[in-house]
$ cat protein_37.tsv   # TSV, N, CA, C and O atoms
chain	number	residue	atom	x	y	z
G	1	MET	N	-15.44	-11.26	20.36
G	1	MET	CA	-14.51	-11.11	19.28
G	1	MET	C	-13.10	-11.30	19.84
G	1	MET	O	-12.67	-10.60	20.72
G	2	ALA	N	-12.40	-12.29	19.33
G	2	ALA	CA	-11.05	-12.57	19.79
G	2	ALA	C	-10.05	-11.73	19.01
G	2	ALA	O	-10.10	-11.65	17.79
G	3	TYR	N	-9.18	-11.07	19.74
G	3	TYR	CA	-8.15	-10.25	19.10
G	3	TYR	C	-6.81	-10.95	19.15
G	3	TYR	O	-6.41	-11.49	20.18
G	4	ASN	N	-6.13	-10.93	18.05
G	4	ASN	CA	-4.80	-11.49	17.94
G	4	ASN	C	-3.82	-10.35	18.25
G	4	ASN	O	-3.90	-9.29	17.65
G	5	ILE	N	-2.89	-10.56	19.19
G	5	ILE	CA	-1.94	-9.51	19.57
G	5	ILE	C	-1.15	-9.04	18.37
G	5	ILE	O	-0.80	-7.88	18.27
G	6	ARG	N	-0.89	-9.93	17.41
G	6	ARG	CA	-0.16	-9.57	16.21
G	6	ARG	C	-0.90	-8.49	15.43
G	6	ARG	O	-0.30	-7.65	14.78
G	7	ARG	N	-2.21	-8.48	15.53
G	7	ARG	CA	-3.02	-7.50	14.81
G	7	ARG	C	-2.65	-6.07	15.19
G	7	ARG	O	-2.72	-5.17	14.38
G	8	PHE	N	-2.26	-5.87	16.41
G	8	PHE	CA	-1.93	-4.53	16.86
G	8	PHE	C	-0.52	-4.12	16.46
G	8	PHE	O	-0.18	-2.95	16.53
G	9	LEU	N	0.30	-5.06	16.06
G	9	LEU	CA	1.65	-4.74	15.63
G	9	LEU	C	1.71	-4.48	14.12
G	9	LEU	O	2.36	-3.56	13.68
G	10	LYS	N	1.04	-5.33	13.37
G	10	LYS	CA	0.94	-5.16	11.92
G	10	LYS	C	-0.22	-6.02	11.42
G	10	LYS	O	-0.59	-7.00	12.05
G	11	MET	N	-0.79	-5.61	10.33
G	11	MET	CA	-1.88	-6.37	9.74
G	11	MET	C	-1.45	-6.84	8.37
G	11	MET	O	-1.02	-6.03	7.54
G	12	ASN	N	-1.57	-8.13	8.12
G	12	ASN	CA	-1.25	-8.64	6.79
G	12	ASN	C	-2.55	-8.87	6.01
G	12	ASN	O	-3.64	-8.61	6.50
G	13	LYS	N	-2.42	-9.37	4.81
G	13	LYS	CA	-3.57	-9.55	3.94
G	13	LYS	C	-4.60	-10.51	4.54
G	13	LYS	O	-5.81	-10.26	4.49
G	14	ALA	N	-4.13	-11.61	5.13
G	14	ALA	CA	-5.04	-12.58	5.74
G	14	ALA	C	-5.82	-11.96	6.90
G	14	ALA	O	-7.02	-12.22	7.06
G	15	ASP	N	-5.15	-11.14	7.71
G	15	ASP	CA	-5.83	-10.45	8.81
G	15	ASP	C	-6.88	-9.49	8.27
G	15	ASP	O	-7.99	-9.39	8.81
G	16	LEU	N	-6.54	-8.76	7.22
G	16	LEU	CA	-7.46	-7.82	6.62
G	16	LEU	C	-8.69	-8.53	6.08
G	16	LEU	O	-9.83	-8.12	6.34
G	17	VAL	N	-8.48	-9.62	5.36
G	17	VAL	CA	-9.60	-10.41	4.82
G	17	VAL	C	-10.48	-10.92	5.96
G	17	VAL	O	-11.71	-10.83	5.90
G	18	SER	N	-9.87	-11.43	6.99
G	18	SER	CA	-10.62	-11.96	8.13
G	18	SER	C	-11.45	-10.88	8.82
G	18	SER	O	-12.62	-11.07	9.13
G	19	ASN	N	-10.85	-9.71	9.05
G	19	ASN	CA	-11.56	-8.61	9.71
G	19	ASN	C	-12.72	-8.11	8.87
G	19	ASN	O	-13.81	-7.86	9.40
G	20	ILE	N	-12.52	-7.94	7.57
G	20	ILE	CA	-13.60	-7.48	6.70
G	20	ILE	C	-14.70	-8.51	6.65
G	20	ILE	O	-15.89	-8.17	6.68
G	21	SER	N	-14.34	-9.78	6.61
G	21	SER	CA	-15.32	-10.86	6.58
G	21	SER	C	-16.19	-10.84	7.83
G	21	SER	O	-17.41	-10.96	7.75
G	22	GLU	N	-15.57	-10.68	8.99
G	22	GLU	CA	-16.32	-10.64	10.25
G	22	GLU	C	-17.27	-9.45	10.29
G	22	GLU	O	-18.41	-9.58	10.73
G	23	LYS	N	-16.80	-8.28	9.84
G	23	LYS	CA	-17.60	-7.06	9.93
G	23	LYS	C	-18.70	-6.99	8.88
G	23	LYS	O	-19.74	-6.38	9.12
G	24	SER	N	-18.48	-7.60	7.72
G	24	SER	CA	-19.44	-7.48	6.63
G	24	SER	C	-20.41	-8.66	6.54
G	24	SER	O	-21.46	-8.56	5.91
G	25	GLY	N	-20.02	-9.79	7.12
G	25	GLY	CA	-20.85	-10.99	7.00
G	25	GLY	C	-20.62	-11.75	5.71
G	25	GLY	O	-21.28	-12.76	5.45
G	26	LEU	N	-19.69	-11.29	4.89
G	26	LEU	CA	-19.35	-12.00	3.65
G	26	LEU	C	-18.36	-13.11	3.97
G	26	LEU	O	-17.66	-13.07	4.98
G	27	SER	N	-18.27	-14.08	3.07
G	27	SER	CA	-17.31	-15.16	3.28
G	27	SER	C	-15.90	-14.63	3.03
G	27	SER	O	-15.70	-13.66	2.30
G	28	LYS	N	-14.94	-15.30	3.64
G	28	LYS	CA	-13.54	-14.90	3.44
G	28	LYS	C	-13.15	-15.02	1.97
G	28	LYS	O	-12.40	-14.20	1.45
G	29	LYS	N	-13.68	-16.03	1.30
G	29	LYS	CA	-13.37	-16.23	-0.12
G	29	LYS	C	-13.87	-15.05	-0.95
G	29	LYS	O	-13.16	-14.56	-1.84
G	30	ASP	N	-15.10	-14.58	-0.67
G	30	ASP	CA	-15.64	-13.44	-1.41
G	30	ASP	C	-14.84	-12.17	-1.14
G	30	ASP	O	-14.56	-11.40	-2.05
G	31	VAL	N	-14.49	-11.95	0.12
G	31	VAL	CA	-13.71	-10.77	0.49
G	31	VAL	C	-12.35	-10.81	-0.19
G	31	VAL	O	-11.89	-9.80	-0.72
G	32	GLU	N	-11.72	-11.98	-0.20
G	32	GLU	CA	-10.41	-12.09	-0.84
G	32	GLU	C	-10.50	-11.83	-2.34
G	32	GLU	O	-9.63	-11.18	-2.92
G	33	THR	N	-11.57	-12.28	-2.98
G	33	THR	CA	-11.77	-12.04	-4.40
G	33	THR	C	-11.89	-10.54	-4.68
G	33	THR	O	-11.28	-10.02	-5.62
G	34	VAL	N	-12.68	-9.85	-3.86
G	34	VAL	CA	-12.84	-8.40	-4.03
G	34	VAL	C	-11.53	-7.67	-3.77
G	34	VAL	O	-11.13	-6.78	-4.53
G	35	LEU	N	-10.83	-8.05	-2.71
G	35	LEU	CA	-9.55	-7.41	-2.38
G	35	LEU	C	-8.53	-7.61	-3.50
G	35	LEU	O	-7.84	-6.67	-3.91
G	36	ASN	N	-8.44	-8.83	-4.01
G	36	ASN	CA	-7.52	-9.10	-5.12
G	36	ASN	C	-7.89	-8.29	-6.36
G	36	ASN	O	-7.02	-7.79	-7.07
G	37	GLY	N	-9.19	-8.15	-6.60
G	37	GLY	CA	-9.65	-7.34	-7.73
G	37	GLY	C	-9.27	-5.88	-7.55
G	37	GLY	O	-8.81	-5.22	-8.49
G	38	PHE	N	-9.44	-5.36	-6.35
G	38	PHE	CA	-9.08	-3.98	-6.05
G	38	PHE	C	-7.59	-3.76	-6.26
G	38	PHE	O	-7.17	-2.82	-6.94
G	39	LEU	N	-6.77	-4.65	-5.71
G	39	LEU	CA	-5.32	-4.52	-5.84
G	39	LEU	C	-4.89	-4.61	-7.31
G	39	LEU	O	-4.01	-3.88	-7.75
G	40	GLY	N	-5.53	-5.49	-8.06
G	40	GLY	CA	-5.23	-5.63	-9.48
G	40	GLY	C	-5.57	-4.37	-10.27
G	40	GLY	O	-4.81	-3.94	-11.15
G	41	GLU	N	-6.72	-3.77	-9.95
G	41	GLU	CA	-7.13	-2.55	-10.66
G	41	GLU	C	-6.22	-1.37	-10.32
G	41	GLU	O	-5.87	-0.58	-11.20
G	42	VAL	N	-5.82	-1.26	-9.06
G	42	VAL	CA	-4.89	-0.19	-8.68
G	42	VAL	C	-3.55	-0.39	-9.40
G	42	VAL	O	-2.99	0.56	-9.95
G	43	THR	N	-3.07	-1.61	-9.42
G	43	THR	CA	-1.81	-1.92	-10.09
G	43	THR	C	-1.89	-1.60	-11.59
G	43	THR	O	-0.99	-0.98	-12.15
G	44	SER	N	-3.00	-1.98	-12.22
G	44	SER	CA	-3.18	-1.70	-13.66
G	44	SER	C	-3.21	-0.21	-13.93
G	44	SER	O	-2.61	0.27	-14.89
G	45	ALA	N	-3.92	0.53	-13.09
G	45	ALA	CA	-4.01	1.98	-13.28
G	45	ALA	C	-2.64	2.64	-13.13
G	45	ALA	O	-2.25	3.49	-13.94
G	46	LEU	N	-1.89	2.25	-12.11
G	46	LEU	CA	-0.56	2.84	-11.89
G	46	LEU	C	0.39	2.47	-13.02
G	46	LEU	O	1.21	3.29	-13.45
G	47	THR	N	0.29	1.25	-13.52
G	47	THR	CA	1.12	0.81	-14.63
G	47	THR	C	0.86	1.65	-15.87
G	47	THR	O	1.77	1.97	-16.63
G	48	ALA	N	-0.40	2.06	-16.04
G	48	ALA	CA	-0.78	2.89	-17.18
G	48	ALA	C	-0.48	4.37	-16.96
G	48	ALA	O	-0.71	5.19	-17.84
G	49	GLY	N	0.01	4.71	-15.76
G	49	GLY	CA	0.35	6.10	-15.46
G	49	GLY	C	-0.81	6.91	-14.91
G	49	GLY	O	-0.73	8.12	-14.78
G	50	ASP	N	-1.91	6.24	-14.57
G	50	ASP	CA	-3.09	6.91	-14.02
G	50	ASP	C	-3.01	7.01	-12.50
G	50	ASP	O	-2.21	6.32	-11.87
G	51	LYS	N	-3.87	7.86	-11.93
G	51	LYS	CA	-4.00	7.98	-10.48
G	51	LYS	C	-5.28	7.26	-10.06
G	51	LYS	O	-6.23	7.17	-10.82
G	52	VAL	N	-5.30	6.75	-8.83
G	52	VAL	CA	-6.51	6.20	-8.24
G	52	VAL	C	-6.79	7.03	-6.99
G	52	VAL	O	-6.01	7.01	-6.03
G	53	GLN	N	-7.90	7.79	-7.03
G	53	GLN	CA	-8.22	8.68	-5.92
G	53	GLN	C	-9.47	8.19	-5.22
G	53	GLN	O	-10.53	8.04	-5.83
G	54	LEU	N	-9.33	7.93	-3.92
G	54	LEU	CA	-10.45	7.54	-3.07
G	54	LEU	C	-10.68	8.69	-2.10
G	54	LEU	O	-9.92	8.86	-1.14
G	55	ILE	N	-11.69	9.50	-2.37
G	55	ILE	CA	-11.94	10.72	-1.59
G	55	ILE	C	-12.01	10.39	-0.10
G	55	ILE	O	-12.72	9.49	0.32
G	56	GLY	N	-11.25	11.13	0.69
G	56	GLY	CA	-11.22	10.94	2.13
G	56	GLY	C	-10.18	9.93	2.58
G	56	GLY	O	-9.69	10.00	3.70
G	57	PHE	N	-9.87	8.95	1.73
G	57	PHE	CA	-8.89	7.93	2.10
G	57	PHE	C	-7.51	8.29	1.60
G	57	PHE	O	-6.55	8.35	2.37
G	58	GLY	N	-7.38	8.51	0.28
G	58	GLY	CA	-6.08	8.88	-0.26
G	58	GLY	C	-5.97	8.65	-1.74
G	58	GLY	O	-6.92	8.22	-2.39
G	59	THR	N	-4.79	8.93	-2.26
G	59	THR	CA	-4.53	8.83	-3.69
G	59	THR	C	-3.30	7.96	-3.93
G	59	THR	O	-2.25	8.17	-3.34
G	60	PHE	N	-3.47	6.98	-4.82
G	60	PHE	CA	-2.36	6.17	-5.29
G	60	PHE	C	-1.90	6.78	-6.60
G	60	PHE	O	-2.71	7.08	-7.48
G	61	GLU	N	-0.59	6.99	-6.76
G	61	GLU	CA	-0.05	7.58	-7.97
G	61	GLU	C	1.37	7.10	-8.18
G	61	GLU	O	1.92	6.39	-7.34
G	62	THR	N	1.94	7.49	-9.32
G	62	THR	CA	3.35	7.19	-9.56
G	62	THR	C	4.13	8.50	-9.56
G	62	THR	O	3.59	9.55	-9.89
G	63	ARG	N	5.38	8.42	-9.18
G	63	ARG	CA	6.26	9.58	-9.16
G	63	ARG	C	7.60	9.17	-9.77
G	63	ARG	O	8.04	8.04	-9.63
G	64	LYS	N	8.23	10.15	-10.43
G	64	LYS	CA	9.57	9.90	-10.98
G	64	LYS	C	10.60	10.19	-9.90
G	64	LYS	O	10.53	11.21	-9.23
G	65	ARG	N	11.51	9.26	-9.74
G	65	ARG	CA	12.65	9.46	-8.84
G	65	ARG	C	13.85	9.76	-9.72
G	65	ARG	O	14.21	8.96	-10.59
G	66	ALA	N	14.46	10.91	-9.50
G	66	ALA	CA	15.58	11.35	-10.33
G	66	ALA	C	16.77	10.40	-10.20
G	66	ALA	O	16.98	9.78	-9.15
G	67	GLY	N	17.55	10.32	-11.26
G	67	GLY	CA	18.78	9.56	-11.22
G	67	GLY	C	19.78	10.24	-10.30
G	67	GLY	O	19.71	11.45	-10.07
G	68	ARG	N	20.71	9.49	-9.76
G	68	ARG	CA	21.68	10.06	-8.83
G	68	ARG	C	22.93	9.18	-8.80
G	68	ARG	O	22.95	8.08	-9.33
G	69	VAL	N	23.93	9.69	-8.13
G	69	VAL	CA	25.17	8.93	-7.95
G	69	VAL	C	25.15	8.36	-6.54
G	69	VAL	O	24.86	9.05	-5.57
G	70	GLY	N	25.41	7.06	-6.44
G	70	GLY	CA	25.44	6.39	-5.14
G	70	GLY	C	26.76	5.67	-4.97
G	70	GLY	O	27.67	5.81	-5.79
G	71	ARG	N	26.86	4.91	-3.90
G	71	ARG	CA	28.08	4.14	-3.64
G	71	ARG	C	27.74	2.69	-3.39
G	71	ARG	O	26.77	2.38	-2.70
G	72	ASN	N	28.58	1.81	-3.92
G	72	ASN	CA	28.47	0.40	-3.62
G	72	ASN	C	28.98	0.22	-2.20
G	72	ASN	O	30.14	0.54	-1.91
G	73	PRO	N	28.15	-0.25	-1.27
G	73	PRO	CA	28.58	-0.34	0.13
G	73	PRO	C	29.73	-1.34	0.36
G	73	PRO	O	30.46	-1.21	1.33
G	74	GLN	N	29.88	-2.31	-0.53
G	74	GLN	CA	30.94	-3.29	-0.35
G	74	GLN	C	32.30	-2.76	-0.82
G	74	GLN	O	33.32	-3.02	-0.17
G	75	THR	N	32.28	-2.04	-1.93
G	75	THR	CA	33.56	-1.60	-2.49
G	75	THR	C	33.81	-0.11	-2.30
G	75	THR	O	34.95	0.34	-2.43
G	76	GLY	N	32.76	0.66	-2.04
G	76	GLY	CA	32.90	2.10	-1.92
G	76	GLY	C	32.96	2.80	-3.26
G	76	GLY	O	33.07	4.02	-3.33
G	77	LYS	N	32.89	2.04	-4.35
G	77	LYS	CA	32.96	2.60	-5.69
G	77	LYS	C	31.66	3.34	-6.03
G	77	LYS	O	30.58	2.90	-5.69
G	78	GLU	N	31.80	4.50	-6.70
G	78	GLU	CA	30.63	5.25	-7.12
G	78	GLU	C	29.89	4.50	-8.23
G	78	GLU	O	30.51	3.93	-9.12
G	79	ILE	N	28.56	4.52	-8.15
G	79	ILE	CA	27.73	3.91	-9.18
G	79	ILE	C	26.65	4.92	-9.58
G	79	ILE	O	26.27	5.79	-8.79
G	80	THR	N	26.18	4.81	-10.80
G	80	THR	CA	25.10	5.67	-11.27
G	80	THR	C	23.78	4.93	-11.09
G	80	THR	O	23.60	3.82	-11.60
G	81	ILE	N	22.87	5.55	-10.35
G	81	ILE	CA	21.54	4.98	-10.15
G	81	ILE	C	20.61	5.70	-11.11
G	81	ILE	O	20.46	6.92	-11.04
G	82	PRO	N	19.98	4.97	-12.04
G	82	PRO	CA	19.17	5.61	-13.07
G	82	PRO	C	17.84	6.17	-12.53
G	82	PRO	O	17.37	5.77	-11.47
G	83	GLU	N	17.25	7.07	-13.31
G	83	GLU	CA	15.91	7.59	-13.00
G	83	GLU	C	14.93	6.43	-13.03
G	83	GLU	O	15.05	5.52	-13.85
G	84	THR	N	13.93	6.45	-12.15
G	84	THR	CA	12.95	5.37	-12.11
G	84	THR	C	11.59	5.92	-11.72
G	84	THR	O	11.48	7.03	-11.19
G	85	VAL	N	10.56	5.16	-11.98
G	85	VAL	CA	9.20	5.51	-11.59
G	85	VAL	C	8.81	4.62	-10.42
G	85	VAL	O	8.99	3.40	-10.49
G	86	VAL	N	8.28	5.22	-9.35
G	86	VAL	CA	7.92	4.46	-8.16
G	86	VAL	C	6.47	4.74	-7.78
G	86	VAL	O	5.95	5.83	-8.02
G	87	PRO	N	5.78	3.76	-7.18
G	87	PRO	CA	4.42	4.00	-6.70
G	87	PRO	C	4.46	4.84	-5.43
G	87	PRO	O	5.43	4.78	-4.66
G	88	ALA	N	3.42	5.65	-5.23
G	88	ALA	CA	3.35	6.51	-4.04
G	88	ALA	C	1.89	6.56	-3.56
G	88	ALA	O	0.95	6.36	-4.34
G	89	PHE	N	1.73	6.84	-2.27
G	89	PHE	CA	0.40	6.99	-1.69
G	89	PHE	C	0.38	8.28	-0.88
G	89	PHE	O	1.28	8.52	-0.09
G	90	LYS	N	-0.64	9.09	-1.10
G	90	LYS	CA	-0.81	10.31	-0.33
G	90	LYS	C	-2.13	10.18	0.43
G	90	LYS	O	-3.19	10.02	-0.17
G	91	ALA	N	-2.06	10.23	1.75
G	91	ALA	CA	-3.24	10.05	2.58
G	91	ALA	C	-4.20	11.22	2.44
G	91	ALA	O	-3.79	12.38	2.33
G	92	GLY	N	-5.50	10.92	2.46
G	92	GLY	CA	-6.54	11.94	2.41
G	92	GLY	C	-6.80	12.52	3.79
G	92	GLY	O	-6.36	12.00	4.82
G	93	ASN	N	-7.59	13.60	3.82
G	93	ASN	CA	-7.85	14.31	5.08
G	93	ASN	C	-8.55	13.45	6.13
G	93	ASN	O	-8.20	13.50	7.30
G	94	LYS	N	-9.54	12.66	5.72
G	94	LYS	CA	-10.27	11.84	6.70
G	94	LYS	C	-9.35	10.79	7.31
G	94	LYS	O	-9.41	10.51	8.50
G	95	LEU	N	-8.48	10.20	6.51
G	95	LEU	CA	-7.52	9.22	7.03
G	95	LEU	C	-6.53	9.88	7.97
G	95	LEU	O	-6.23	9.35	9.04
G	96	LYS	N	-6.05	11.06	7.59
G	96	LYS	CA	-5.11	11.79	8.47
G	96	LYS	C	-5.75	12.11	9.80
G	96	LYS	O	-5.13	11.95	10.85
G	97	GLU	N	-6.98	12.56	9.79
G	97	GLU	CA	-7.69	12.89	11.03
G	97	GLU	C	-7.93	11.65	11.88
G	97	GLU	O	-7.82	11.70	13.11
G	98	ALA	N	-8.26	10.54	11.26
G	98	ALA	CA	-8.52	9.30	12.00
G	98	ALA	C	-7.26	8.79	12.71
G	98	ALA	O	-7.35	8.21	13.78
G	99	VAL	N	-6.12	9.02	12.10
G	99	VAL	CA	-4.86	8.52	12.66
G	99	VAL	C	-4.34	9.40	13.79
G	99	VAL	O	-3.64	8.94	14.67
G	100	LYS	N	-4.71	10.69	13.78
G	100	LYS	CA	-4.23	11.62	14.81
G	100	LYS	C	-4.54	11.15	16.21
G	100	LYS	O	-5.47	10.63	16.58

$ encode --input "protein_37.tsv" --output "structure tokens"
Amino acid sequence: MAYNIRRFLKMNKADLVSNISEKSGLSKKDVETVLNGFLGEVTSALTAGDKVQLIGFGTFETRKRAGRVGRNPQTGKEITIPETVVPAFKAGNKLKEAVK
């Protein structure tokens, strides 16, 4: 198994598809289809305000970020930053233990 040094620095989508393909015996095309489907379903659920919980791995959810006053870095002028909803991920216990 040949390892790409870049893999140890960061993994992108193509690396992930390739690794899953090698380990599962599925074609890269099939793995990419499943991965795209997973990402689409998570995105749809978060857009609808739902949570996606994968026991042991983690939970994808949305959180409200309160509005605040900030500064324009170019002019120094105060600006109002409105309240917004942002995606968030909370790692599960098994993932936390694996990373330790």

$ residues_around --input "protein_37.tsv" --residues "Leu95 (chain G)" --least-positions-apart "5" --cutoff "6 Å" --atoms "all atoms listed in the file" --output "PyMOL selection string"
chain G and resi 56-57+100

$ select_by_dssp --input "protein_37.tsv" --residues "chain G" --states "strand (DSSP E or B)" --output "PyMOL selection string"
chain G and resi 52-54+58-65+68-71+78-81+84-91

$ closest_residue --input "protein_37.tsv" --among "G:Gly25, G:Pro82, G:Pro87, G:Gly92" --to "Ala66 (chain G)" --atoms "only C-alpha atoms"
G:Pro82

$ atom_distance --input "protein_37.tsv" --atom1 "CA of Thr62 (chain G)" --atom2 "CA of Glu83 (chain G)"
13.0 Å

$ select_by_dssp --input "protein_37.tsv" --residues "region 1-98 of chain G" --states "helix (DSSP H, G or I)" --output "ChimeraX atom specification"
/G:5-9,13-24,28-47,93-98

$ atom_distance --input "protein_37.tsv" --atom1 "CA of Thr80 (chain G)" --atom2 "CA of Arg65 (chain G)"
13.2 Å

$ residues_around --input "protein_37.tsv" --residues "region 41-52 of chain G" --least-positions-apart "6" --cutoff "6 Å" --atoms "only C-alpha atoms" --output "list of chain:residue names"
G:Thr59, G:Phe60, G:Glu61

$ atom_distance --input "protein_37.tsv" --atom1 "CA of Leu9 (chain G)" --atom2 "CA of Ala98 (chain G)"
17.7 Å
